[in-house]
>>> print(open('target.txt').read())   # compact mmCIF, C-alpha atoms and all ligand atoms
# COMPACT_ATOMS: atom_id res chain seq x y z
CA MET A 3 155.37 124.54 178.22
CA THR A 4 151.64 124.04 178.70
CA VAL A 5 150.18 121.61 176.18
CA HIS A 6 151.92 118.33 175.37
CA LEU A 7 150.70 116.23 172.44
CA VAL A 8 151.89 112.83 173.65
CA GLY A 9 152.02 109.55 171.75
CA ALA A 10 150.82 106.69 173.95
CA GLY A 11 152.27 103.94 171.76
CA PRO A 12 150.45 101.12 169.96
CA GLY A 13 148.47 99.53 172.81
CA ASP A 14 150.79 97.84 175.33
CA PRO A 15 151.07 100.45 178.13
CA GLY A 16 154.77 99.59 178.47
CA LEU A 17 155.43 101.02 175.02
CA ILE A 18 154.99 104.71 175.90
CA THR A 19 158.19 106.82 176.06
CA ALA A 20 159.73 107.67 179.45
CA ARG A 21 159.05 111.37 178.77
CA GLY A 22 155.42 110.72 177.89
CA LEU A 23 154.85 108.81 181.13
CA ASP A 24 156.56 111.54 183.21
CA LEU A 25 154.25 114.14 181.67
CA ILE A 26 151.11 112.10 182.42
CA ARG A 27 152.23 111.66 186.04
CA THR A 28 152.58 115.41 186.57
CA CYS A 29 149.76 116.86 184.43
CA ASP A 30 146.82 119.01 185.58
CA ALA A 31 144.54 117.87 182.77
CA LEU A 32 144.43 114.86 180.44
CA VAL A 33 142.42 114.36 177.23
CA TYR A 34 142.82 110.81 175.93
CA ASP A 35 141.88 108.79 172.87
CA ARG A 36 139.74 105.64 172.93
CA LEU A 37 142.65 103.42 171.88
CA VAL A 38 144.89 104.54 174.73
CA ALA A 39 145.59 101.89 177.41
CA ARG A 40 143.55 102.43 180.59
CA GLU A 41 146.70 101.87 182.67
CA LEU A 42 148.21 105.04 181.21
CA VAL A 43 145.13 107.14 181.99
CA ASP A 44 145.30 105.81 185.57
CA GLU A 45 148.85 107.19 185.88
CA ALA A 46 147.51 110.78 185.96
CA PRO A 47 147.50 112.41 189.43
CA ALA A 48 144.33 111.77 191.44
CA GLY A 49 143.32 115.43 191.21
CA ALA A 50 143.88 115.79 187.46
CA ILE A 51 140.96 116.51 185.12
CA ARG A 52 140.45 113.49 182.77
CA ILE A 53 138.34 113.69 179.65
CA SER A 54 137.81 110.99 177.04
CA ARG A 55 138.10 112.27 173.49
CA GLU A 56 135.06 110.21 172.48
CA SER A 57 132.62 112.71 173.94
CA LEU A 58 134.11 115.60 171.90
CA SER A 59 134.31 116.66 168.26
CA GLN A 60 137.72 117.60 166.82
CA ASP A 61 136.79 121.31 166.98
CA GLU A 62 135.81 120.95 170.63
CA ILE A 63 139.12 119.28 171.45
CA ASP A 64 141.05 122.06 169.71
CA GLU A 65 139.07 124.68 171.65
CA LEU A 66 139.55 122.84 174.95
CA LEU A 67 143.33 122.57 174.47
CA VAL A 68 143.55 126.28 173.67
CA ALA A 69 141.36 127.23 176.67
CA TRP A 70 143.38 125.10 179.08
CA GLY A 71 146.61 126.37 177.56
CA ARG A 72 145.50 129.96 178.22
CA ARG A 73 144.96 129.01 181.86
CA ARG A 74 148.57 127.75 181.90
CA LEU A 75 147.50 124.28 183.00
CA GLU A 76 149.96 121.48 182.29
CA VAL A 77 147.91 119.61 179.70
CA VAL A 78 148.55 116.17 178.21
CA ARG A 79 146.71 115.31 175.02
CA LEU A 80 147.30 111.56 174.93
CA LYS A 81 146.95 110.01 171.50
CA GLY A 82 147.23 106.42 170.24
CA GLY A 83 150.53 105.51 168.57
CA ASP A 84 152.33 108.62 167.34
CA PRO A 85 150.44 111.96 167.33
CA PHE A 86 151.53 112.80 163.78
CA VAL A 87 150.72 109.46 162.11
CA PHE A 88 147.05 109.40 161.06
CA GLY A 89 146.32 110.99 164.42
CA ARG A 90 145.15 114.53 163.63
CA GLY A 91 147.96 115.75 165.86
CA GLY A 92 148.95 118.23 163.17
CA GLU A 93 145.51 119.87 163.39
CA GLU A 94 145.75 120.21 167.16
CA ALA A 95 149.28 121.61 166.92
CA LEU A 96 148.09 124.16 164.33
CA ALA A 97 145.18 125.25 166.54
CA LEU A 98 147.61 125.80 169.42
CA ALA A 99 150.16 127.59 167.24
CA ARG A 100 147.45 129.93 165.84
CA ALA A 101 146.34 130.78 169.38
CA GLY A 102 149.93 131.41 170.50
CA ILE A 103 149.84 128.61 173.08
CA PRO A 104 153.20 126.95 173.81
CA PHE A 105 153.10 123.27 172.97
CA GLU A 106 155.34 120.33 172.25
CA VAL A 107 154.95 117.06 170.41
CA VAL A 108 156.21 113.99 172.28
CA PRO A 109 156.49 111.21 169.69
CA GLY A 110 155.08 107.77 170.34
CA ILE A 111 155.72 104.34 168.89
CA SER A 112 153.36 104.18 165.94
CA SER A 113 151.40 101.04 165.17
CA LEU A 114 152.87 101.41 161.65
CA ALA A 115 155.87 99.21 162.45
CA ALA A 116 155.15 98.09 166.04
CA VAL A 117 151.94 96.19 165.30
CA PRO A 118 153.33 94.14 162.39
CA ALA A 119 156.47 93.56 164.50
CA ALA A 120 154.37 92.19 167.35
CA ALA A 121 153.04 89.64 164.84
CA GLY A 122 156.54 88.70 163.66
CA ILE A 123 156.40 90.82 160.50
CA PRO A 124 159.18 93.32 159.75
CA ILE A 125 157.81 96.02 157.44
CA THR A 126 161.09 96.07 155.51
CA HIS A 127 163.38 93.09 155.00
CA ARG A 128 166.47 92.81 152.83
CA GLY A 129 165.59 91.07 149.59
CA LEU A 130 161.83 91.27 150.22
CA ALA A 131 160.90 94.94 150.67
CA SER A 132 162.92 98.13 150.79
CA GLN A 133 159.93 100.44 150.51
CA VAL A 134 156.78 100.98 152.62
CA THR A 135 153.55 102.72 151.64
CA ALA A 136 151.11 103.61 154.42
CA VAL A 137 147.54 104.61 153.59
CA SER A 138 144.25 105.18 155.37
CA GLY A 139 141.49 102.74 154.40
CA HIS A 140 138.85 104.77 156.21
CA ASP A 141 137.42 106.02 152.93
CA ASP A 142 138.57 103.32 150.53
CA ALA A 143 136.94 105.09 147.55
CA THR A 144 139.70 107.69 147.73
CA LEU A 145 142.51 105.12 147.42
CA ASP A 146 144.55 105.21 144.22
CA TYR A 147 144.51 101.46 143.58
CA GLU A 148 146.41 101.68 140.27
CA TRP A 149 149.27 103.46 141.97
CA LEU A 150 149.22 101.17 145.01
CA ALA A 151 149.17 98.03 142.85
CA ARG A 152 152.24 99.28 140.98
CA SER A 153 154.11 100.28 144.15
CA ARG A 154 156.86 97.93 145.26
CA GLY A 155 157.48 96.78 148.79
CA THR A 156 155.02 96.68 151.68
CA ILE A 157 151.58 98.29 151.82
CA ILE A 158 150.18 99.11 155.26
CA VAL A 159 146.50 100.03 155.51
CA PHE A 160 145.27 101.84 158.63
CA MET A 161 141.57 101.91 159.55
CA GLY A 162 140.72 99.43 156.82
CA LEU A 163 139.04 96.57 158.70
CA GLU A 164 135.46 97.51 157.84
CA ARG A 165 136.25 97.83 154.12
CA LEU A 166 138.78 94.98 153.95
CA GLY A 167 137.03 93.10 151.14
CA ALA A 168 136.67 96.23 149.01
CA ILE A 169 140.31 97.19 149.60
CA ALA A 170 141.64 93.72 148.72
CA ASN A 171 139.41 93.58 145.62
CA GLY A 172 140.51 97.06 144.63
CA LEU A 173 144.17 96.07 144.77
CA VAL A 174 143.64 92.83 142.85
CA GLY A 175 141.40 94.59 140.33
CA ALA A 176 144.17 97.11 139.70
CA GLY A 177 146.67 94.35 138.97
CA LYS A 178 148.20 93.36 142.31
CA ASP A 179 148.85 89.60 142.34
CA ALA A 180 145.96 87.89 144.16
CA ALA A 181 148.50 85.49 145.72
CA THR A 182 150.44 88.30 147.43
CA PRO A 183 150.79 87.43 151.15
CA ALA A 184 148.61 89.52 153.45
CA ALA A 185 148.02 89.76 157.19
CA VAL A 186 145.58 91.52 159.46
CA VAL A 187 146.84 92.22 162.97
CA ALA A 188 144.10 93.22 165.40
CA ARG A 189 144.70 94.80 168.81
CA GLY A 190 148.41 94.43 168.22
CA THR A 191 150.88 94.47 171.15
CA THR A 192 148.07 93.83 173.66
CA ASP A 193 146.97 90.61 175.39
CA GLU A 194 144.07 90.53 172.92
CA GLN A 195 146.24 90.48 169.81
CA ARG A 196 144.85 88.36 166.97
CA VAL A 197 146.46 87.71 163.59
CA ALA A 198 145.02 86.43 160.31
CA VAL A 199 147.37 85.46 157.47
CA ALA A 200 146.20 84.61 153.96
CA SER A 201 146.61 85.67 150.35
CA LEU A 202 145.34 89.06 149.25
CA ALA A 203 142.42 87.26 147.55
CA THR A 204 141.33 85.53 150.75
CA ILE A 205 142.39 87.88 153.55
CA ALA A 206 138.93 89.42 154.04
CA GLU A 207 137.41 86.00 154.71
CA ALA A 208 140.34 84.96 156.94
CA ALA A 209 140.03 88.12 159.05
CA ARG A 210 136.23 88.27 159.27
CA LYS A 211 136.14 87.58 163.03
CA LEU A 212 138.83 90.10 163.96
CA GLU A 213 137.94 93.31 165.72
CA SER A 214 139.18 96.85 165.53
CA PRO A 215 141.73 98.37 165.81
CA ALA A 216 143.45 96.43 163.08
CA LEU A 217 146.16 96.96 160.51
CA LEU A 218 146.36 95.31 157.08
CA VAL A 219 149.84 94.39 155.86
CA VAL A 220 150.30 93.40 152.21
CA GLY A 221 153.57 92.12 150.80
CA ASP A 222 156.24 89.44 150.85
CA VAL A 223 157.40 90.51 154.33
CA VAL A 224 154.35 88.66 155.72
CA ARG A 225 156.19 85.41 154.91
CA VAL A 226 158.82 86.21 157.54
CA ARG A 227 156.20 85.55 160.25
CA SER A 228 156.07 81.83 159.50
CA LEU A 229 159.86 81.64 159.13
CA LEU A 230 160.30 83.15 162.60
CA ALA A 231 157.82 80.64 164.02
CA GLU A 232 159.89 77.63 162.91
CA PRO A 233 162.60 76.73 165.45
CA ALA A 234 165.01 75.45 162.76
CA THR A 235 164.75 78.73 160.85
CA ARG A 236 165.21 80.74 164.04
CA GLU A 237 168.50 78.93 164.64
CA LEU A 238 169.59 79.70 161.08
CA LEU A 239 168.67 83.36 161.44
CA SER A 240 170.61 83.76 164.67
CA ALA A 241 173.68 81.84 163.40
C1 LIG A 301 143.34 106.95 163.93
S1 LIG A 301 144.59 105.80 163.53
C2 LIG A 301 145.81 106.27 164.70
C3 LIG A 301 147.18 105.74 164.38
C4 LIG A 301 148.19 106.10 165.46
N1 LIG A 301 148.41 107.53 165.49
C5 LIG A 301 149.53 105.41 165.27
O1 LIG A 301 150.55 106.04 165.07
O2 LIG A 301 149.56 104.18 165.38
C6 LIG A 301 143.92 104.33 164.22
C7 LIG A 301 144.29 103.10 163.40
O3 LIG A 301 145.62 102.70 163.69
C8 LIG A 301 145.72 101.29 163.64
N2 LIG A 301 146.06 100.79 165.00
C9 LIG A 301 146.31 101.54 166.07
N3 LIG A 301 146.61 100.77 167.13
C10 LIG A 301 146.53 99.50 166.71
C11 LIG A 301 146.72 98.22 167.32
N4 LIG A 301 147.07 98.10 168.61
N5 LIG A 301 146.56 97.11 166.58
C12 LIG A 301 146.23 97.20 165.28
N6 LIG A 301 146.05 98.36 164.64
C13 LIG A 301 146.19 99.49 165.33
C14 LIG A 301 144.37 100.78 163.19
O4 LIG A 301 144.36 100.70 161.79
C15 LIG A 301 143.46 101.88 163.69
O5 LIG A 301 142.22 101.88 163.01
>>> encode(input="target.txt", output="structure tokens")
Amino acid sequence: MTVHLVGAGPGDPGLITARGLDLIRTCDALVYDRLVARELVDEAPAGAIRISRESLSQDEIDELLVAWGRRRLEVVRLKGGDPFVFGRGGEEALALARAGIPFEVVPGISSLAAVPAAAGIPITHRGLASQVTAVSGHDDATLDYEWLARSRGTIIVFMGLERLGAIANGLVGAGKDAATPAAVVARGTTDEQRVAVASLATIAEAARKLESPALLVVGDVVRVRSLLAEPATRELLSA
């Protein structure tokens, strides 16, 4: 095996898999994403090549992985969360497959469930949500608001912080109840985690001071956060 597409987990360096950490500790070369914890990058051997993804385009990364793979280096491509969840890991895997370079995907804990969980929000909960829809808010104009507003259960929006107001308005405009509970969890699972909770109508204002990376969670599951915070309820839940 030469190229390993490794999920680093959602932010807390302790949330990488044991296999992912072993691979970092023994690699010859490491290309890492901006959101990856510094502590994980520091785990690479002293002599390993380390390159931040920020300085490279996606095409350049693909070419680099193929070139290093041809040299039979043990390469770790360290990506935030899980490589195949809004991570362009599929594109990198395809580039390697086309070039005939052996590779593997080492899954990571995606922010999808881990970040809401770190804020006390289960993305499904019996009686509240048995369905989850995950979308990218990067280009909110491409979102199908009618469909999202009709969907039941929890909506998770990745990369939506900059367009939060437009996304919330789009959902309400398409018929989603303006009073639907919503939360934004920024820098989830890290020491810098911040959470804003409000209604869908007011979440953009409530979250205006939060910084990226952040995840928007829309749905009744957000209410569980306050239930978990009340000691009396916690006793009931554990009874
Ligand atoms: C390019 S996507 C990568 C997702 C990643 N592959 C995963 O599985 O979590 C980056 C987006 O994921 C979300 N995200 C990742 N880490 C996060 C964190 N620690 N706290 C909040 N949101 C996070 C944010 O919406 C961010 O803009």
>>> atom_distance(input="target.txt", atom1="atom CA of Leu58 of chain A", atom2="atom CA of Arg36 of chain A")
11.5 Å
>>> atom_distance(input="target.txt", atom1="atom CA of Glu213 of chain A", atom2="atom CA of Glu56 of chain A")
18.4 Å
>>> atom_distance(input="target.txt", atom1="atom CA of Ala185 of chain A", atom2="atom CA of Leu37 of chain A")
20.8 Å
>>> residues_around(input="target.txt", residues="segment 197-205 of chain A", least_positions_apart="3", cutoff="6 Å", atoms="all atoms listed in the file", output="list in words")
Ala170, Ala180, Ala181, Thr182, Pro183, Ala184, Ala185, Val186, Val187, Ala208 and Ala209 of chain A
>>> residues_around(input="target.txt", residues="Ala101 of chain A", least_positions_apart="3", cutoff="8 Å", atoms="only C-alpha atoms", output="list in words")
Val68, Ala97 and Leu98 of chain A
>>> residues_around(input="target.txt", residues="segment 156-163 of chain A", least_positions_apart="6", cutoff="6 Å", atoms="all atoms listed in the file", output="VMD selection string")
chain A and resid 134 to 140 217 to 221
>>> residues_near_ligand(input="target.txt", ligand="ligand LIG 301 (chain A)", cutoff="9 Å", atoms="only C-alpha atoms and all ligand atoms", output="number ranges by chain")
A: 9-14, 37-38, 81-91, 110-118, 138-140, 158-163, 186-192, 195-196, 214-218
>>> residues_around(input="target.txt", residues="Ala143 of chain A", least_positions_apart="3", cutoff="10 Å", atoms="only C-alpha atoms", output="number ranges by chain")
A: 139-140, 146-147, 165, 168-169, 172
>>> axis_aligned_box(input="target.txt", around="segment 198-208 of chain A", padding_each_side="6 Å", output="JSON")
{"center_x": 142.4, "center_y": 87.0, "center_z": 153.9, "size_x": 22.0, "size_y": 16.8, "size_z": 24.8}
>>> closest_residue(input="target.txt", among="A:Ile125, A:Leu7, A:Leu25, A:Val78", to="Gly92 of chain A", atoms="all atoms listed in the file")
A:Leu7
